[in-house]
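Just below is one structure, and these are the notes that go with it.
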Amino acid sequence: MSKPDEELYRRLLHKDKDALEQLYDKYEKLVFSFSYKMTNNHGLSEEVVQDVFMKLWTQKGTYDESKGKFSSWLLTVVRNAAIDLMRKKKDTPYELEERDALQTNEPSIEEMYESKEEATAVRQSMKVLKEDQQKVIRLFYFDAKSHSEIAEQLDVPLGTVKGRIRMALKHLQTEMTEREGGRGTT
Amino acid sequence: MSDKQCDNLIDYFNGHLSGEEEAQFEDHLAKCESCREELAELRELTGSLPYLSEPIEPDSGMKNRVLSSIFEEEEKEENYENVTSIEEKQRETTPSRSRKRNWAVWGLAAALAASLVGNAAFLTQWSGTSTTQPEEEVVIDSLEQNLALQNPEGGEAKGQASMVGNDGEAQLVVQAEQLAPLSGNEAYQVWLLEEGSPVRAGTFVTNEEGSGAVTYPMDKLQDGNWDTLAITKEPGPDSETPQGEIVLAAEI
């Protein structure tokens, strides 16, 4: 089977607008939802989407297959773009929106995630984690806090932050492996 | 010292380091195996986390806003981008010299920066087909576009590139003279560039006087908005990407 994303990316390098549109259609909701998870703001999330696809189009971010799956690479670009924008807006505080108000018409998980099983496994696994480990992951990954901010919010010494992050992520991974591994044998 | 750098891993991952700190950490990373391993592990362990994002519906019309602004921006900047962004890129890449891909346009841009802006208004597009309307003085019936080739660094060499329509088939005709002699397997290679990406568009060798010519059927190429034509001296006739210096070039 060919690799459609990689193929589209190659076409995009030749300024094929249709290829950009196809990638956009495929990843719009995931990129937007992930941006929202990080920024908690609709306007900023749209800016992230704009920034990410602009980077793709102008080749300021370049992907090659040595960097792994296209989708994983894209999500790294999204996270970095969201971090940049959040930093820029730090001086002009933006509104954090209430999640509850936004639940209407949301796309289904099936529609959003290509690898549905991975998505289901990570969601279920996250719920198994204790609240403090969930918090570590949120502060570190989604809020992209600094080392010292994380220490402060967890109320732990600076030197233990890395270990805490690692432990929480490892725990999550173990839970995920069990879920993904168990699939098919039941 | 290096222990202290190891403590910057989280801030590096989360973009909290200043430009200078980041560069220092990357130097450290090159030397510190345990930091490299930790970073790789963090990337691996966080790979699935984006899938925790709850699905959120964007505001309506986002696709249209995003794509049209990308394409509009592109059109707006087309004439200027080559000058400004290329200079930036050149600065970025000079120290490492590792990325070769866009070499040609960077080198060219510096040399042609002055003339580029002036020419911008006259730039026309070459597509792979012969639908371009003749815009310059028509010398023969089917001549569609004519470019004078020069060495961006100056020098004796000169040449001409023409797009010649022939029953709906477009041919690129390149002639050059006063080129440096070739030795061994060397050959001159014509490239068409779009945004710094070169594709091969004809190979030739010179005669004793240093003159050479080549025709290339444009239908062999995918359609492209070629912005630059360049000729390089290559170590062999089958370089897939330019290896040698630019000897002649022109903005399209």
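Order determines the names: the first chain of the structure tokens is A, the second B, and so forth; residues in each chain are numbered 1 upward, and ligands are numbered 1 upward as they are shown.
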
- Message: Using only C-alpha atoms and a cut-off of 6 Å, which residues of chain A sit close to chain B? Please list them as an MDAnalysis selection string.
- Response: chainID A and resid 33:34 37 50 54 106:107 119 123 144 146:147

Surrounding residues of A:Ala82 excluding itself and chain neighbours under 4 positions, 10 Å, only C-alpha atoms, as a compact mmCIF listing (two decimals) with C-alpha atoms, in the first residue's frame:
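Writing the result to part_28.txt gives the following:
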```txt
# COMPACT_ATOMS: atom_id res chain seq x y z
CA PHE A 34 -5.12 19.49 19.65
CA SER A 35 -4.44 23.23 19.38
CA TYR A 36 -7.52 23.85 21.44
CA LYS A 37 -6.41 21.36 24.04
CA MET A 38 -3.24 23.39 24.41
CA THR A 39 -4.52 26.95 24.09
CA LEU A 44 -5.77 31.08 18.97
CA SER A 45 -6.43 27.56 17.77
CA GLU A 47 -4.18 30.87 14.32
CA VAL A 48 -2.28 27.68 15.07
CA VAL A 49 -4.02 25.88 12.21
CA ASP A 51 0.39 28.83 11.03
CA VAL A 52 0.90 25.08 10.67
CA THR A 76 4.94 18.01 16.81
CA VAL A 77 4.78 21.01 14.51
CA VAL A 78 1.32 21.81 15.88
CA MET A 86 0.83 31.15 23.59
CA ARG A 87 4.14 32.80 24.46
CA LYS A 88 3.49 35.67 22.08
CA PHE A 142 -0.45 20.34 27.12
CA ASP A 143 0.30 23.46 29.14
CA ALA A 144 4.00 23.26 28.17
```

- Message: For a test of reading the model, state the distance in Å between atom CA of B:Met163 and atom CA of A:Leu13, rounded to one decimal.
- Response: 24.6 Å

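Picture a line from atom CA of A:Gly181 to atom CA of A:Glu65; it runs 26.3 Å.
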
- Query: Got a sec: who's within 8 Å of B:Trp191, counting only C-alpha atoms, leaving out chain neighbours fewer than 6 positions off, as JSON, numbers by chain?
  - Reply: {"B": [198, 199, 200, 201, 202, 229, 230, 231, 232]}

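Between A:Leu20 and the residues A:Leu158, A:Ile83, A:Leu8, A:Leu169, the shortest atom-to-atom distance, using only C-alpha atoms, involves A:Leu8.
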
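Computed from the coordinates, the atom CA of B:Asn151 to atom CA of B:Ile246 distance equals 7.3 Å.
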
- Query: If we count only C-alpha atoms, what is near A:Thr177 at a cut-off of 10 Å, once residues fewer than 4 positions away on the same chain are taken out, given as a list in words?
  - Reply: Glu118, Ala121, Val122, Ser125, His171, Leu172, Gln173, Gly181, Gly182 and Arg183 of chain A

- Non-local contacts of stretch 160-165 of chain A (8 Å; only C-alpha atoms; under 4 positions in same chain excluded) as a count of residues only: 10

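With only C-alpha atoms as the atoms that count, the minimum distance from B:Tyr188 to the choices B:Ser18, B:Gln171, B:Gln160, B:Gln243 is reached by B:Gln243.
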